[in-house]
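Okay, so here's the structure we're looking at.
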Amino acid sequence: MKKTHYFLIGAVIISTSIAVYSFFATPKIAVVDFKRLVNDYQGMKDATLEYEKKMTGWNTTSDSLTDAIKNELSDYYADSAFLSKQERINRETKIISMRNKFMEFSKGLEENAMAEDQKMTIEVVNQVLSFVEKYGNEKGYDVILGKNEGDEVLYRKASMDITNDLLQALNRNYEGF
Amino acid sequence: MKGFKIYTIILLFLSLACSKSEVSLKDYYEWQEDESNGVHKTKTVGEIAFDMKLLSPDYLTYLELKGEGTVTPQLKDSIMKFYENNLTFVLTIGPAEESHFDITSVGIKNYEEYAERMKQLNFEMAELLELRSDGKKWKPAIVEMENIYGLEFHRKFNIVFSPEEKTDELVKLDKFTVMFDDEIFDTGTSSFGFLKSSLEKTPAIKF
């Protein structure tokens, strides 16, 4: 065998090794629009519906308290001309007490709504993050970057964006089938 | 006469083709564990792992008759019939892989919280579970936490859904989902979907 043949075989082996090495050494990276992933996640949509249902219930109670105060107040104005001093004091005390209760309820409502919203968001984001980890492992990704407003990912090739595939898999996982 | 023979052979062939293969309990467990067979679903949210298994009527009948000595086909069929009308699951809640903590005490700060956690696990799980199919919903008829006689990090719950209107309403479902609205560990709602066809493919157990 001529020297040139050895040289050629050597060159082929080296270039193949370099190609194989660079293939495995290059980290597999993908980018995900995290905001869209969370917002379009069926789990988020269902949790939002549940939250809205709870809010509707709370608001109904709030409305009925407001109506009760309005009615009491209008009755008081209608009757005020015929009330004794003591009766007037009693009715005014009652209205003030009702208003205080309403204020207390409204404050509690606001706090509850905030806490519920925060709890819901944390639960959903945890579900999404846990699935992204599983998906990344199964698909052999080394890094999955989140693309959000104001973050560090300034450019990514369209082919690196796996939001649609991930969202599809995430929703399939949520359905449980 | 010749026609009769052919029909007999065809019927024999069909009955053999349609009959379920009988396997040992060990093989049944292996088959059940394999998620691709569709009766075992897992989910992990944060540090909590959920594992839901749909149990076959055959397996439940086996458990009921284990150690009974002679089992007549009539006895087996009557017990099997009972289980066929219900849907039975085992939900295991435990720490995710690489995590090591007891789920009864994770996130607990004091005795009151521990007592509340135990109350939830023992008596309030039924409120958090629901079976759904084609817009219909069922609450579990039974949810019981299995006793653990040792140091374990996970807990198992036996869950049974029973028909509410018609005896065969659950048997007829082609696909159904068990929803777990986790108010205990705050992991949100997890769904575990199952197909009737997966249950039908379950191998029978050698008695």
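Chain labels run A, B, ... following the order of the structure tokens; each chain numbers its residues from 1, and ligands are numbered from 1 in the order shown.
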Counting only C-alpha atoms, which residues from chain A have an atom at most 12 Å from any atom of chain B, and could you show them as a ChimeraX atom specification?
-> /A:42-48,50,116,118-135,170-177
Would you mind exporting the chosen residues as a short mmCIF file (atom, residue, chain, number, x, y, z; two decimals), in the first residue's frame, restricted to N, CA and C atoms?
data_model
loop_
_atom_site.label_atom_id
_atom_site.label_comp_id
_atom_site.auth_asym_id
_atom_site.auth_seq_id
_atom_site.Cartn_x
_atom_site.Cartn_y
_atom_site.Cartn_z
N GLN A 42 -53.18 24.11 29.22
CA GLN A 42 -54.57 23.83 29.60
C GLN A 42 -54.75 23.88 31.11
N GLY A 43 -53.72 23.46 31.83
CA GLY A 43 -53.76 23.50 33.30
C GLY A 43 -53.94 24.92 33.81
N MET A 44 -53.32 25.88 33.12
CA MET A 44 -53.45 27.28 33.50
C MET A 44 -54.86 27.76 33.19
N LYS A 45 -55.38 27.36 32.03
CA LYS A 45 -56.73 27.79 31.64
C LYS A 45 -57.76 27.25 32.64
N ASP A 46 -57.62 25.98 33.01
CA ASP A 46 -58.57 25.38 33.96
C ASP A 46 -58.45 26.02 35.34
N ALA A 47 -57.20 26.27 35.76
CA ALA A 47 -56.99 26.88 37.08
C ALA A 47 -57.57 28.29 37.10
N THR A 48 -57.42 29.03 35.98
CA THR A 48 -57.97 30.38 35.90
C THR A 48 -59.50 30.34 36.01
N GLU A 50 -61.29 28.08 37.55
CA GLU A 50 -61.62 27.77 38.96
C GLU A 50 -61.49 29.02 39.82
N GLU A 116 -54.84 33.53 46.62
CA GLU A 116 -55.34 32.46 45.73
C GLU A 116 -54.66 32.54 44.36
N GLN A 118 -51.77 33.92 43.67
CA GLN A 118 -50.36 33.57 43.82
C GLN A 118 -50.19 32.05 43.92
N LYS A 119 -51.06 31.43 44.71
CA LYS A 119 -51.00 29.97 44.89
C LYS A 119 -51.22 29.26 43.56
N MET A 120 -52.23 29.73 42.82
CA MET A 120 -52.55 29.13 41.53
C MET A 120 -51.37 29.25 40.57
N THR A 121 -50.77 30.45 40.52
CA THR A 121 -49.66 30.67 39.60
C THR A 121 -48.47 29.78 39.96
N ILE A 122 -48.16 29.70 41.25
CA ILE A 122 -47.02 28.87 41.68
C ILE A 122 -47.27 27.41 41.31
N GLU A 123 -48.50 26.93 41.57
CA GLU A 123 -48.82 25.53 41.26
C GLU A 123 -48.65 25.25 39.78
N VAL A 124 -49.19 26.14 38.95
CA VAL A 124 -49.14 25.92 37.50
C VAL A 124 -47.69 26.02 37.00
N VAL A 125 -46.96 27.02 37.46
CA VAL A 125 -45.57 27.17 37.01
C VAL A 125 -44.74 25.96 37.43
N ASN A 126 -44.99 25.44 38.65
CA ASN A 126 -44.27 24.24 39.09
C ASN A 126 -44.59 23.04 38.21
N GLN A 127 -45.87 22.93 37.83
CA GLN A 127 -46.26 21.83 36.94
C GLN A 127 -45.50 21.95 35.61
N VAL A 128 -45.46 23.18 35.07
CA VAL A 128 -44.81 23.40 33.77
C VAL A 128 -43.30 23.12 33.89
N LEU A 129 -42.67 23.64 34.93
CA LEU A 129 -41.23 23.45 35.09
C LEU A 129 -40.87 21.98 35.26
N SER A 130 -41.68 21.26 36.03
CA SER A 130 -41.41 19.83 36.22
C SER A 130 -41.52 19.09 34.89
N PHE A 131 -42.51 19.48 34.09
CA PHE A 131 -42.66 18.81 32.79
C PHE A 131 -41.52 19.17 31.86
N VAL A 132 -41.09 20.45 31.88
CA VAL A 132 -39.98 20.87 31.00
C VAL A 132 -38.73 20.04 31.33
N GLU A 133 -38.51 19.78 32.61
CA GLU A 133 -37.35 18.99 33.03
C GLU A 133 -37.45 17.57 32.47
N LYS A 134 -38.64 16.99 32.60
CA LYS A 134 -38.86 15.62 32.10
C LYS A 134 -38.67 15.58 30.57
N TYR A 135 -39.27 16.56 29.90
CA TYR A 135 -39.21 16.64 28.43
C TYR A 135 -37.75 16.80 27.98
N LEU A 170 -46.95 19.12 26.68
CA LEU A 170 -47.38 19.55 28.02
C LEU A 170 -48.89 19.36 28.19
N ASN A 171 -49.64 19.75 27.16
CA ASN A 171 -51.10 19.62 27.24
C ASN A 171 -51.54 18.15 27.19
N ARG A 172 -50.78 17.36 26.43
CA ARG A 172 -51.08 15.92 26.37
C ARG A 172 -50.85 15.31 27.76
N ASN A 173 -49.76 15.74 28.38
CA ASN A 173 -49.44 15.24 29.72
C ASN A 173 -50.51 15.68 30.73
N TYR A 174 -51.03 16.89 30.56
CA TYR A 174 -52.05 17.39 31.48
C TYR A 174 -53.33 16.56 31.36
N GLU A 175 -53.67 16.21 30.11
CA GLU A 175 -54.87 15.39 29.90
C GLU A 175 -54.72 14.02 30.57
N GLY A 176 -53.48 13.59 30.69
CA GLY A 176 -53.21 12.35 31.42
C GLY A 176 -53.24 11.09 30.57
N PHE A 177 -53.44 11.21 29.27
CA PHE A 177 -53.47 10.01 28.40
C PHE A 177 -52.13 9.73 27.74
#
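Counting only C-alpha atoms, Asp102 (chain B) has the following residues at most 12 Å away, ignoring those fewer than 5 positions along the same chain: Glu47, Ile48, Ile93, Gly94, Pro95, Ala96, Gly107, Ile108, Tyr114, Arg117, Gly150, Leu151, Glu152, Phe153, His154 and Arg155 of chain B.
The environment of Phe207 (chain B) within 12 Å, counting only C-alpha atoms and disregarding residues fewer than 4 places along the same chain, consists of Glu22, Val23, Ser24, Leu25, Asp58, Tyr59, Leu60, Thr61, Tyr62, Leu63, Glu64, Leu65, Lys66, Gly67, Glu68, Gly69, Thr70, Val71, Thr72, Pro73 and Lys76 of chain B.
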Output the selection as a PDB file, in the first residue's frame - N, CA and C atoms for each residue.
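The result, written out as again15.pdb:
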ATOM      1  N   GLU B  22     -53.140 -16.413  30.884  1.00  0.00           N
ATOM      2  CA  GLU B  22     -53.010 -16.385  32.341  1.00  0.00           C
ATOM      3  C   GLU B  22     -51.544 -16.285  32.719  1.00  0.00           C
ATOM      4  N   VAL B  23     -51.252 -15.364  33.611  1.00  0.00           N
ATOM      5  CA  VAL B  23     -49.853 -15.161  33.992  1.00  0.00           C
ATOM      6  C   VAL B  23     -49.708 -15.269  35.512  1.00  0.00           C
ATOM      7  N   SER B  24     -48.471 -15.385  35.941  1.00  0.00           N
ATOM      8  CA  SER B  24     -48.224 -15.434  37.389  1.00  0.00           C
ATOM      9  C   SER B  24     -48.384 -14.028  37.966  1.00  0.00           C
ATOM     10  N   LEU B  25     -48.492 -13.940  39.286  1.00  0.00           N
ATOM     11  CA  LEU B  25     -48.666 -12.635  39.934  1.00  0.00           C
ATOM     12  C   LEU B  25     -47.466 -11.735  39.648  1.00  0.00           C
ATOM     13  N   ASP B  58     -59.742  -8.808  37.716  1.00  0.00           N
ATOM     14  CA  ASP B  58     -59.116 -10.115  37.899  1.00  0.00           C
ATOM     15  C   ASP B  58     -58.129 -10.076  39.083  1.00  0.00           C
ATOM     16  N   TYR B  59     -57.348  -9.016  39.136  1.00  0.00           N
ATOM     17  CA  TYR B  59     -56.363  -8.871  40.202  1.00  0.00           C
ATOM     18  C   TYR B  59     -57.063  -8.710  41.558  1.00  0.00           C
ATOM     19  N   LEU B  60     -58.129  -7.888  41.568  1.00  0.00           N
ATOM     20  CA  LEU B  60     -58.857  -7.658  42.819  1.00  0.00           C
ATOM     21  C   LEU B  60     -59.530  -8.949  43.303  1.00  0.00           C
ATOM     22  N   THR B  61     -60.021  -9.740  42.339  1.00  0.00           N
ATOM     23  CA  THR B  61     -60.626 -11.030  42.687  1.00  0.00           C
ATOM     24  C   THR B  61     -59.548 -11.949  43.259  1.00  0.00           C
ATOM     25  N   TYR B  62     -58.379 -11.908  42.649  1.00  0.00           N
ATOM     26  CA  TYR B  62     -57.264 -12.727  43.131  1.00  0.00           C
ATOM     27  C   TYR B  62     -56.947 -12.374  44.594  1.00  0.00           C
ATOM     28  N   LEU B  63     -56.868 -11.063  44.867  1.00  0.00           N
ATOM     29  CA  LEU B  63     -56.551 -10.625  46.231  1.00  0.00           C
ATOM     30  C   LEU B  63     -57.606 -11.105  47.229  1.00  0.00           C
ATOM     31  N   GLU B  64     -58.863 -11.036  46.778  1.00  0.00           N
ATOM     32  CA  GLU B  64     -59.973 -11.423  47.658  1.00  0.00           C
ATOM     33  C   GLU B  64     -59.961 -12.922  47.954  1.00  0.00           C
ATOM     34  N   LEU B  65     -59.595 -13.709  46.946  1.00  0.00           N
ATOM     35  CA  LEU B  65     -59.678 -15.167  47.110  1.00  0.00           C
ATOM     36  C   LEU B  65     -58.351 -15.810  47.517  1.00  0.00           C
ATOM     37  N   LYS B  66     -57.323 -14.982  47.656  1.00  0.00           N
ATOM     38  CA  LYS B  66     -56.001 -15.496  48.023  1.00  0.00           C
ATOM     39  C   LYS B  66     -56.099 -16.237  49.362  1.00  0.00           C
ATOM     40  N   GLY B  67     -55.616 -17.442  49.376  1.00  0.00           N
ATOM     41  CA  GLY B  67     -55.614 -18.214  50.614  1.00  0.00           C
ATOM     42  C   GLY B  67     -56.961 -18.833  50.951  1.00  0.00           C
ATOM     43  N   GLU B  68     -57.887 -18.825  50.000  1.00  0.00           N
ATOM     44  CA  GLU B  68     -59.230 -19.372  50.241  1.00  0.00           C
ATOM     45  C   GLU B  68     -59.310 -20.878  50.003  1.00  0.00           C
ATOM     46  N   GLY B  69     -58.225 -21.452  49.523  1.00  0.00           N
ATOM     47  CA  GLY B  69     -58.232 -22.894  49.210  1.00  0.00           C
ATOM     48  C   GLY B  69     -58.861 -23.118  47.843  1.00  0.00           C
ATOM     49  N   THR B  70     -59.883 -23.989  47.798  1.00  0.00           N
ATOM     50  CA  THR B  70     -60.507 -24.299  46.518  1.00  0.00           C
ATOM     51  C   THR B  70     -61.412 -23.140  46.068  1.00  0.00           C
ATOM     52  N   VAL B  71     -61.178 -22.711  44.854  1.00  0.00           N
ATOM     53  CA  VAL B  71     -61.987 -21.612  44.321  1.00  0.00           C
ATOM     54  C   VAL B  71     -62.819 -22.147  43.157  1.00  0.00           C
ATOM     55  N   THR B  72     -64.117 -22.122  43.318  1.00  0.00           N
ATOM     56  CA  THR B  72     -64.976 -22.604  42.236  1.00  0.00           C
ATOM     57  C   THR B  72     -65.143 -21.495  41.197  1.00  0.00           C
ATOM     58  N   PRO B  73     -65.364 -21.866  39.943  1.00  0.00           N
ATOM     59  CA  PRO B  73     -65.559 -20.838  38.910  1.00  0.00           C
ATOM     60  C   PRO B  73     -66.735 -19.914  39.230  1.00  0.00           C
ATOM     61  N   LYS B  76     -65.590 -17.359  41.805  1.00  0.00           N
ATOM     62  CA  LYS B  76     -64.693 -16.413  41.130  1.00  0.00           C
ATOM     63  C   LYS B  76     -65.492 -15.427  40.273  1.00  0.00           C
TER      64      LYS B  76
END
Just the alpha helix (DSSP H) stuff from chain B, please, per backbone DSSP, written as a PyMOL selection string.
-> chain B and resi 2-18+25-33+57-65+73-84+111-123+125-128+196-200
Can you list, as a PDB file with all heavy atoms, in the first residue's frame, every protein, DNA or RNA residue that comes within 9 Å of Glu84 (chain B) when you count only C-alpha atoms, leaving out same-chain residues fewer than 4 positions away?
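Writing the result to out.pdb gives the following:
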ATOM      1  N   SER B  56     -57.101  -4.251  37.798  1.00  0.00           N
ATOM      2  CA  SER B  56     -58.066  -5.045  37.022  1.00  0.00           C
ATOM      3  C   SER B  56     -58.978  -5.841  37.960  1.00  0.00           C
ATOM      4  O   SER B  56     -58.564  -6.228  39.067  1.00  0.00           O
ATOM      5  CB  SER B  56     -57.322  -6.008  36.106  1.00  0.00           C
ATOM      6  OG  SER B  56     -56.745  -7.046  36.858  1.00  0.00           O
ATOM      7  N   PRO B  57     -60.217  -6.112  37.533  1.00  0.00           N
ATOM      8  CA  PRO B  57     -61.127  -6.929  38.357  1.00  0.00           C
ATOM      9  C   PRO B  57     -60.516  -8.294  38.672  1.00  0.00           C
ATOM     10  O   PRO B  57     -60.716  -8.840  39.755  1.00  0.00           O
ATOM     11  CB  PRO B  57     -62.366  -7.082  37.466  1.00  0.00           C
ATOM     12  CG  PRO B  57     -62.310  -5.935  36.531  1.00  0.00           C
ATOM     13  CD  PRO B  57     -60.857  -5.643  36.315  1.00  0.00           C
ATOM     14  N   ASP B  58     -59.742  -8.808  37.716  1.00  0.00           N
ATOM     15  CA  ASP B  58     -59.116 -10.115  37.899  1.00  0.00           C
ATOM     16  C   ASP B  58     -58.129 -10.076  39.083  1.00  0.00           C
ATOM     17  O   ASP B  58     -58.114 -10.972  39.928  1.00  0.00           O
ATOM     18  CB  ASP B  58     -58.371 -10.482  36.613  1.00  0.00           C
ATOM     19  CG  ASP B  58     -58.107 -11.955  36.541  1.00  0.00           C
ATOM     20  OD1 ASP B  58     -59.065 -12.691  36.265  1.00  0.00           O
ATOM     21  OD2 ASP B  58     -56.956 -12.350  36.783  1.00  0.00           O
ATOM     22  N   ILE B  79     -67.500 -12.773  42.322  1.00  0.00           N
ATOM     23  CA  ILE B  79     -66.649 -11.711  42.884  1.00  0.00           C
ATOM     24  C   ILE B  79     -66.146 -10.794  41.766  1.00  0.00           C
ATOM     25  O   ILE B  79     -66.134  -9.572  41.886  1.00  0.00           O
ATOM     26  CB  ILE B  79     -65.487 -12.322  43.699  1.00  0.00           C
ATOM     27  CG1 ILE B  79     -66.069 -12.998  44.939  1.00  0.00           C
ATOM     28  CG2 ILE B  79     -64.466 -11.276  44.100  1.00  0.00           C
ATOM     29  CD1 ILE B  79     -65.101 -13.816  45.728  1.00  0.00           C
ATOM     30  N   MET B  80     -65.786 -11.442  40.666  1.00  0.00           N
ATOM     31  CA  MET B  80     -65.292 -10.681  39.502  1.00  0.00           C
ATOM     32  C   MET B  80     -66.363  -9.707  39.010  1.00  0.00           C
ATOM     33  O   MET B  80     -66.062  -8.559  38.683  1.00  0.00           O
ATOM     34  CB  MET B  80     -64.931 -11.664  38.385  1.00  0.00           C
ATOM     35  CG  MET B  80     -64.266 -11.011  37.211  1.00  0.00           C
ATOM     36  SD  MET B  80     -62.502 -11.122  37.320  1.00  0.00           S
ATOM     37  CE  MET B  80     -62.217 -12.582  36.380  1.00  0.00           C
ATOM     38  N   ASP B 168     -74.111  -0.529  35.296  1.00  0.00           N
ATOM     39  CA  ASP B 168     -73.038  -0.699  34.303  1.00  0.00           C
ATOM     40  C   ASP B 168     -72.488   0.638  33.774  1.00  0.00           C
ATOM     41  O   ASP B 168     -71.799   0.665  32.765  1.00  0.00           O
ATOM     42  CB  ASP B 168     -73.548  -1.562  33.143  1.00  0.00           C
ATOM     43  CG  ASP B 168     -74.748  -0.931  32.454  1.00  0.00           C
ATOM     44  OD1 ASP B 168     -75.289   0.062  33.011  1.00  0.00           O
ATOM     45  OD2 ASP B 168     -75.143  -1.415  31.381  1.00  0.00           O
ATOM     46  N   LEU B 170     -70.123   2.604  34.740  1.00  0.00           N
ATOM     47  CA  LEU B 170     -68.665   2.742  34.707  1.00  0.00           C
ATOM     48  C   LEU B 170     -68.030   1.745  33.737  1.00  0.00           C
ATOM     49  O   LEU B 170     -67.010   2.043  33.110  1.00  0.00           O
ATOM     50  CB  LEU B 170     -68.075   2.559  36.108  1.00  0.00           C
ATOM     51  CG  LEU B 170     -68.502   3.581  37.164  1.00  0.00           C
ATOM     52  CD1 LEU B 170     -67.827   3.301  38.495  1.00  0.00           C
ATOM     53  CD2 LEU B 170     -68.179   5.009  36.735  1.00  0.00           C
ATOM     54  N   VAL B 171     -68.644   0.580  33.616  1.00  0.00           N
ATOM     55  CA  VAL B 171     -68.122  -0.451  32.702  1.00  0.00           C
ATOM     56  C   VAL B 171     -68.173   0.053  31.266  1.00  0.00           C
ATOM     57  O   VAL B 171     -67.327  -0.297  30.440  1.00  0.00           O
ATOM     58  CB  VAL B 171     -68.978  -1.743  32.800  1.00  0.00           C
ATOM     59  CG1 VAL B 171     -68.352  -2.876  32.011  1.00  0.00           C
ATOM     60  CG2 VAL B 171     -69.178  -2.146  34.236  1.00  0.00           C
TER      61      VAL B 171
END
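CA of Glu33 (chain B) to CA of Met145 (chain B) spans 20.6 Å [interatomic distance, one decimal].
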